[in-house]
Amino acid sequence: MVFTLTLAIFALAIAAYLLSSRRAAKVAATDDVHLHSRPSYHGLHSFLWVLISGWGILLFLVIFGNWWVTSSLMSQIAEAAPDAAIIERQLILSDARAIAEGRISSESGELRQALALRFARLDAIHSWALIVLGLGGAFLAGLYSYGRVAPEWRARNHSEKVIRAVLLVMAGIAILTTIGIVLSLIFETMRFFSAIDWQIHKYLFGTTWSPLSGVFEGKMDADKVGALPLFAGTLLITLIAMIVAVPVGLFAAIYLSDFASARVRAFAKPMLEILAGIPTVVYGFFAAITLAPLLRDGGEAIGIRVASESALAAGIVMGVMIIPFISSLSDDVINSVPQSLRDASLGLGATKAETMQQVVLPAALPGIVSAVLLAVSRAIGETMIVVMAAGQGANLTANPLEAVTTVTVQIVALITGDTEAETAAGPAFTLGFTLFVLTLIMNMAAQRLVAKYREKYD
Amino acid sequence: MYDTPKAETAVTSNEIKFSANNVDVYYGDTHAIKNVDVQIEANTVTAFIGPSGCGKSTFLRCLNRMNDTIDICRVEGDIRLDGEDIYDKKVDPVQLRAKVGMVFQKPNPFPKSIYDNIAYGPRIHGLAKNKADLDVIVEKSLRRGAIWDEVKDRLHAPGTGLSGGQQQRLCIARAVATEPEVLLMDEPCSALDPIATAQVEELIDELRSQYSVVIVTHSMQQAARVSQKTAFFHLGNLVEFGDTSKIFTNPEDPRTESYITGRIG
């Protein structure tokens, strides 16, 4: 019903557009006067008025109406069954709703039947209110706007104001969402910290991570929420990934931008882009099923013990995943170094390699640094590969051949585990918040660094 | 009006530095330079003039093989520097460019300090044995570029922070620092104001005592002011080549006359 009404109002808005713009055109033609706004702006004004007032009323009534129906039924249930728990009352309500709509209810009694009748009546009122007020409001708005059509009416300025307001609201939604997410992260983190009696140092520097081991006693054990091994594991895997991705990606970019022939470039660039298009989940099971056993068997052959879920396997595959990221960003940066600088260097008798090393790369350095730091942020936040290929146990080690776990892996384990979400959310949110802060600091540091280099090279 | 190549006026007073014979250049299927013969003398400023797209810059870039960096460009014919074929397989274009310096249309200092801009070439070619040596080269080059007095107190400031005219003189000093024998200039003043242009022109005249200079220019007044020899290009042909005074006062070819009097171009 709501959907039909939404469409109906949209149709009304189009009709209002046509009527108003036609009327404006007629005014302009007959009176031989100069219109302030072109007819299409008169139409646009009507269109916006109908759409915004109609949809606005509809949205308000849907939210308010549902609240009104539910709360009046709930108060009736509270009168009839004062002893019932909240969950029971909600069950009664949903049963009544099911009876009223002709679906199958879990139980049927006198109260439920009576409620169903009342629900049907209220729902009908609600529906009629939606139709009458929604369509009526839209119609009145259209009428108002249609009535304003006159040569001196500044329809363009007014509709532009409305559109600006709409844009502002959209931007506001994006910003408020971000703020909301950050606030909820902060709030949940605070709750977690208060659960461990504000022993934040134990969270940051403790080495035992087993946050749910005490949940049966209903409290967090501050000695078992040490996240250091998680961050160490994340760092180790990120480091391995960068050791793989930075040289390969950067040299690939240098080769493709300045040394490869047009034919090689036409073939190799799309290949790299395909690499970027592989879903991370595929990389993940490639690491777990192909690379990890290979490393383990290879290690065995030369007498080194390699864990079957090693940081090395996860790191290498993550590095491969990041190669196209670094190479395509660096390629853009290197290509944006002006040809005139290359000409100047070549004209002085420098070779291509000298030109690249002493002119192009220094000029491109700020961009390359920011590309690498973006890649690091990406590696830190990467989840799928490490979930599959890195370990689960929190193990504080710098040995890439052993299993380590990462922050993201533990968040996944907490949220998808058997423990009730309420309890598991605390540590998960806190890890997420810490990760967010780390990434933020790194991005800011990167920007600072880049700004500093820019001054030097511009 | 037909454009047919015409034999250049014989002019020989100085030693011949560059000798180009039957040079053709193609960009893909476009025939950009058609059978051009030019002799460039030592200690002389030779100007290439002609309307846009006539091939004068293309020909200039043949002289230090900068066209090699363009994939679709093909050069045919015989160009000799001191009697040696520069398109011979034995010749390394990198070494050639050290001998034949180039200054570009737009000032293009490296995003490095003034000092490092000048020191770039000498470092690459190992011209300085030590830091003191390099300091001497840098000062000498900046003096030859007529910019030493303006920058001597800020050698470590970025070269990109200079004004347009200063940047172009810096680029000339940078080209001079590698001790070239020939200096090619591709419209070196087109991005400069009249005062900076006058300074650069004065500099070109001074450079003539040590180098042979080839300058491409759109300004006929400039060609008349700075050059001793002038070559007029039109639609890829070398129409006329001779003493500047003769070209500008008594051209042999009607096309040259039309161009310098402003009727074509």
# chains A, B, ... in the order shown; residues from 1 in each chain; ligands from 1
$ interface_residues --of "chain A" --to "chain B" --cutoff "8 Å" --atoms "only C-alpha atoms" --output "list in words"
Ser340, Leu341, Asp343, Ala344, Leu346, Gly347, Leu348, Gly349, Ala350, Thr351, Glu354, Val359, Ala363, Lys456, Tyr457 and Asp458 of chain A
$ select_by_dssp --residues "region 39-146 of chain B" --states "strand (DSSP E)" --output "list in words"
Gln39, Ile40, Glu41, Val45, Thr46, Ala47, Phe48, Ile49, Cys73, Arg74, Val75, Glu76, Gly77, Asp78, Ile79, Arg80, Leu81, Glu84, Asp85, Val100, Gly101, Met102 and Val103 of chain B
$ write_last_selection --atoms "N, CA and C atoms" --output "short mmCIF file (atom, residue, chain, number, x, y, z; two decimals), in the first residue's frame"
data_model
loop_
_atom_site.label_atom_id
_atom_site.label_comp_id
_atom_site.auth_asym_id
_atom_site.auth_seq_id
_atom_site.Cartn_x
_atom_site.Cartn_y
_atom_site.Cartn_z
N GLN B 39 73.86 22.69 -43.50
CA GLN B 39 75.18 22.64 -42.89
C GLN B 39 75.19 23.63 -41.72
N ILE B 40 75.59 23.16 -40.55
CA ILE B 40 75.61 24.05 -39.39
C ILE B 40 77.06 24.28 -38.98
N GLU B 41 77.43 25.56 -38.89
CA GLU B 41 78.83 25.90 -38.66
C GLU B 41 79.12 26.09 -37.18
N VAL B 45 75.35 31.19 -34.79
CA VAL B 45 73.96 30.94 -34.40
C VAL B 45 73.17 30.72 -35.67
N THR B 46 72.56 29.54 -35.78
CA THR B 46 71.73 29.23 -36.94
C THR B 46 70.28 29.23 -36.49
N ALA B 47 69.44 29.99 -37.18
CA ALA B 47 68.03 30.05 -36.80
C ALA B 47 67.20 29.24 -37.77
N PHE B 48 66.23 28.47 -37.25
CA PHE B 48 65.24 27.80 -38.10
C PHE B 48 63.95 28.57 -37.95
N ILE B 49 63.44 29.11 -39.05
CA ILE B 49 62.15 29.80 -38.96
C ILE B 49 61.16 29.13 -39.88
N CYS B 73 58.27 7.56 -34.74
CA CYS B 73 59.07 8.47 -35.56
C CYS B 73 60.20 7.71 -36.26
N ARG B 74 60.39 8.01 -37.56
CA ARG B 74 61.43 7.32 -38.33
C ARG B 74 62.27 8.36 -39.06
N VAL B 75 63.59 8.27 -38.92
CA VAL B 75 64.48 9.26 -39.55
C VAL B 75 65.30 8.56 -40.62
N GLU B 76 65.34 9.15 -41.82
CA GLU B 76 66.17 8.60 -42.90
C GLU B 76 67.12 9.69 -43.39
N GLY B 77 68.21 9.28 -43.97
CA GLY B 77 69.15 10.25 -44.50
C GLY B 77 70.45 10.23 -43.73
N ASP B 78 71.23 11.27 -43.91
CA ASP B 78 72.59 11.26 -43.40
C ASP B 78 72.82 12.52 -42.59
N ILE B 79 73.06 12.36 -41.28
CA ILE B 79 73.38 13.52 -40.46
C ILE B 79 74.73 13.24 -39.81
N ARG B 80 75.68 14.14 -40.05
CA ARG B 80 77.02 13.92 -39.52
C ARG B 80 77.40 15.04 -38.56
N LEU B 81 77.95 14.63 -37.43
CA LEU B 81 78.51 15.59 -36.48
C LEU B 81 80.02 15.41 -36.53
N GLU B 84 81.00 12.42 -38.46
CA GLU B 84 80.62 11.08 -38.01
C GLU B 84 79.10 10.94 -38.06
N ASP B 85 78.64 9.84 -38.66
CA ASP B 85 77.20 9.63 -38.82
C ASP B 85 76.56 9.38 -37.44
N VAL B 100 75.62 17.22 -27.63
CA VAL B 100 74.67 18.13 -28.26
C VAL B 100 73.59 18.45 -27.23
N GLY B 101 73.75 19.56 -26.54
CA GLY B 101 72.80 19.92 -25.48
C GLY B 101 71.52 20.47 -26.04
N MET B 102 70.48 20.48 -25.20
CA MET B 102 69.20 20.96 -25.70
C MET B 102 68.49 21.82 -24.66
N VAL B 103 67.87 22.89 -25.14
CA VAL B 103 67.05 23.75 -24.28
C VAL B 103 65.65 23.74 -24.88
#
$ residues_around --residues "His126 (chain A)" --least-positions-apart "6" --cutoff "9 Å" --atoms "only C-alpha atoms" --output "list in words"
Leu61, Val62, Gly65, Asn66 and Val69 of chain A
$ select_by_dssp --residues "region 106-246 of chain A" --states "helix (DSSP H, G or I)" --output "count of residues only"
110
$ atom_distance --atom1 "CA of Ser327 (chain A)" --atom2 "CA of Val387 (chain A)"
25.5 Å
$ residues_around --residues "Leu192 (chain B)" --least-positions-apart "6" --cutoff "12 Å" --atoms "only C-alpha atoms" --output "VMD selection string"
chain B and resid 105 to 107 163 to 169 198 to 201
$ write_last_selection --atoms "N, CA and C atoms" --output "PDB file, in the first residue's frame"
ATOM      1  N   GLN B 105      61.301  24.469 -25.162  1.00  0.00           N
ATOM      2  CA  GLN B 105      60.389  25.596 -25.309  1.00  0.00           C
ATOM      3  C   GLN B 105      59.937  26.139 -23.959  1.00  0.00           C
ATOM      4  N   LYS B 106      59.463  25.224 -23.113  1.00  0.00           N
ATOM      5  CA  LYS B 106      59.024  25.662 -21.789  1.00  0.00           C
ATOM      6  C   LYS B 106      60.153  25.405 -20.801  1.00  0.00           C
ATOM      7  N   PRO B 107      60.469  26.363 -19.946  1.00  0.00           N
ATOM      8  CA  PRO B 107      61.517  26.097 -18.960  1.00  0.00           C
ATOM      9  C   PRO B 107      61.143  24.848 -18.162  1.00  0.00           C
ATOM     10  N   SER B 163      61.710  32.794 -11.395  1.00  0.00           N
ATOM     11  CA  SER B 163      60.768  33.321 -12.386  1.00  0.00           C
ATOM     12  C   SER B 163      61.007  32.610 -13.716  1.00  0.00           C
ATOM     13  N   GLY B 164      60.071  32.777 -14.649  1.00  0.00           N
ATOM     14  CA  GLY B 164      60.150  32.072 -15.929  1.00  0.00           C
ATOM     15  C   GLY B 164      61.462  32.333 -16.659  1.00  0.00           C
ATOM     16  N   GLY B 165      61.869  33.603 -16.730  1.00  0.00           N
ATOM     17  CA  GLY B 165      63.104  33.945 -17.440  1.00  0.00           C
ATOM     18  C   GLY B 165      64.316  33.365 -16.741  1.00  0.00           C
ATOM     19  N   GLN B 166      64.302  33.436 -15.405  1.00  0.00           N
ATOM     20  CA  GLN B 166      65.417  32.855 -14.643  1.00  0.00           C
ATOM     21  C   GLN B 166      65.468  31.351 -14.844  1.00  0.00           C
ATOM     22  N   GLN B 167      64.271  30.714 -14.859  1.00  0.00           N
ATOM     23  CA  GLN B 167      64.232  29.262 -15.058  1.00  0.00           C
ATOM     24  C   GLN B 167      64.852  28.891 -16.400  1.00  0.00           C
ATOM     25  N   GLN B 168      64.523  29.679 -17.450  1.00  0.00           N
ATOM     26  CA  GLN B 168      65.044  29.334 -18.766  1.00  0.00           C
ATOM     27  C   GLN B 168      66.564  29.511 -18.795  1.00  0.00           C
ATOM     28  N   ARG B 169      67.071  30.571 -18.141  1.00  0.00           N
ATOM     29  CA  ARG B 169      68.527  30.737 -18.107  1.00  0.00           C
ATOM     30  C   ARG B 169      69.173  29.627 -17.272  1.00  0.00           C
ATOM     31  N   ALA B 198      64.979  39.356 -23.887  1.00  0.00           N
ATOM     32  CA  ALA B 198      66.182  40.128 -24.216  1.00  0.00           C
ATOM     33  C   ALA B 198      67.393  39.550 -23.498  1.00  0.00           C
ATOM     34  N   GLN B 199      67.202  39.167 -22.242  1.00  0.00           N
ATOM     35  CA  GLN B 199      68.325  38.596 -21.490  1.00  0.00           C
ATOM     36  C   GLN B 199      68.804  37.299 -22.134  1.00  0.00           C
ATOM     37  N   VAL B 200      67.825  36.430 -22.512  1.00  0.00           N
ATOM     38  CA  VAL B 200      68.202  35.150 -23.111  1.00  0.00           C
ATOM     39  C   VAL B 200      68.884  35.374 -24.453  1.00  0.00           C
ATOM     40  N   GLU B 201      68.379  36.332 -25.226  1.00  0.00           N
ATOM     41  CA  GLU B 201      68.989  36.598 -26.537  1.00  0.00           C
ATOM     42  C   GLU B 201      70.433  37.079 -26.393  1.00  0.00           C
TER      43      GLU B 201
END
$ atom_distance --atom1 "CA of Ile99 (chain A)" --atom2 "CA of Gln76 (chain A)"
16.7 Å
$ residues_around --residues "region 165-178 of chain A" --least-positions-apart "6" --cutoff "10 Å" --atoms "only C-alpha atoms" --output "JSON, numbers by chain"
{"A": [52, 159, 184]}
$ residues_around --residues "Ile254 (chain A)" --least-positions-apart "3" --cutoff "12 Å" --atoms "only C-alpha atoms" --output "VMD selection string"
chain A and resid 246 to 251 257 to 260 265 326 to 335 352 to 353 355 to 357 360 to 361 364 368
$ closest_residue --among "B:Ala119, B:Cys189, B:Leu63, B:Leu170" --to "Lys131 (chain B)" --atoms "only C-alpha atoms"
B:Ala119
$ residues_around --residues "Ser194 (chain A)" --least-positions-apart "4" --cutoff "12 Å" --atoms "only C-alpha atoms" --output "short mmCIF file (atom, residue, chain, number, x, y, z; two decimals) with N, CA and C atoms, in the first residue's frame"
data_model
loop_
_atom_site.label_atom_id
_atom_site.label_comp_id
_atom_site.auth_asym_id
_atom_site.auth_seq_id
_atom_site.Cartn_x
_atom_site.Cartn_y
_atom_site.Cartn_z
N PHE A 187 31.40 4.21 22.32
CA PHE A 187 30.52 3.84 23.43
C PHE A 187 30.75 2.40 23.87
N GLU A 188 30.79 1.50 22.88
CA GLU A 188 30.99 0.08 23.20
C GLU A 188 32.38 -0.15 23.79
N THR A 189 33.36 0.61 23.28
CA THR A 189 34.72 0.48 23.81
C THR A 189 34.76 0.88 25.28
N MET A 190 34.07 1.99 25.58
CA MET A 190 34.01 2.45 26.97
C MET A 190 33.39 1.37 27.85
N TRP A 198 38.78 -0.48 33.79
CA TRP A 198 39.66 0.55 33.22
C TRP A 198 41.14 0.17 33.27
N GLN A 199 41.40 -1.15 33.24
CA GLN A 199 42.81 -1.55 33.16
C GLN A 199 43.21 -1.61 31.69
N ILE A 200 43.25 -0.42 31.09
CA ILE A 200 43.47 -0.35 29.64
C ILE A 200 44.85 -0.91 29.28
N TYR A 203 44.76 -4.40 28.37
CA TYR A 203 44.25 -4.66 27.03
C TYR A 203 45.34 -4.38 25.99
N LYS A 219 31.55 -12.10 33.84
CA LYS A 219 32.42 -10.91 33.85
C LYS A 219 33.63 -11.16 32.95
N MET A 220 34.27 -10.04 32.56
CA MET A 220 35.48 -10.12 31.76
C MET A 220 36.67 -10.28 32.70
N ASP A 221 37.60 -11.13 32.31
CA ASP A 221 38.82 -11.27 33.08
C ASP A 221 39.88 -10.36 32.46
N ALA A 222 40.27 -9.31 33.20
CA ALA A 222 41.19 -8.31 32.64
C ALA A 222 42.54 -8.92 32.27
N GLY A 426 31.54 -6.51 23.03
CA GLY A 426 32.45 -5.61 23.72
C GLY A 426 33.87 -5.70 23.20
N PRO A 427 34.51 -6.87 23.34
CA PRO A 427 35.87 -6.99 22.82
C PRO A 427 35.95 -6.73 21.32
N THR A 430 35.88 -3.08 20.65
CA THR A 430 37.11 -2.45 21.11
C THR A 430 38.26 -2.70 20.13
#
$ closest_residue --among "B:Val38, B:Ile137, B:Ala191, B:Ile72" --to "Phe233 (chain B)" --atoms "only C-alpha atoms"
B:Val38
$ closest_residue --among "A:Leu438, A:Ala16, A:Ala262, A:Val50" --to "Gly137 (chain A)" --atoms "only C-alpha atoms"
A:Val50
$ closest_residue --among "B:His218, B:Lys17, B:Arg225, B:Lys56" --to "Lys34 (chain B)" --atoms "only C-alpha atoms"
B:Lys56
$ closest_residue --among "A:Arg378, A:Arg121, A:His45, A:Lys224" --to "Trp153 (chain A)" --atoms "only C-alpha atoms"
A:His45
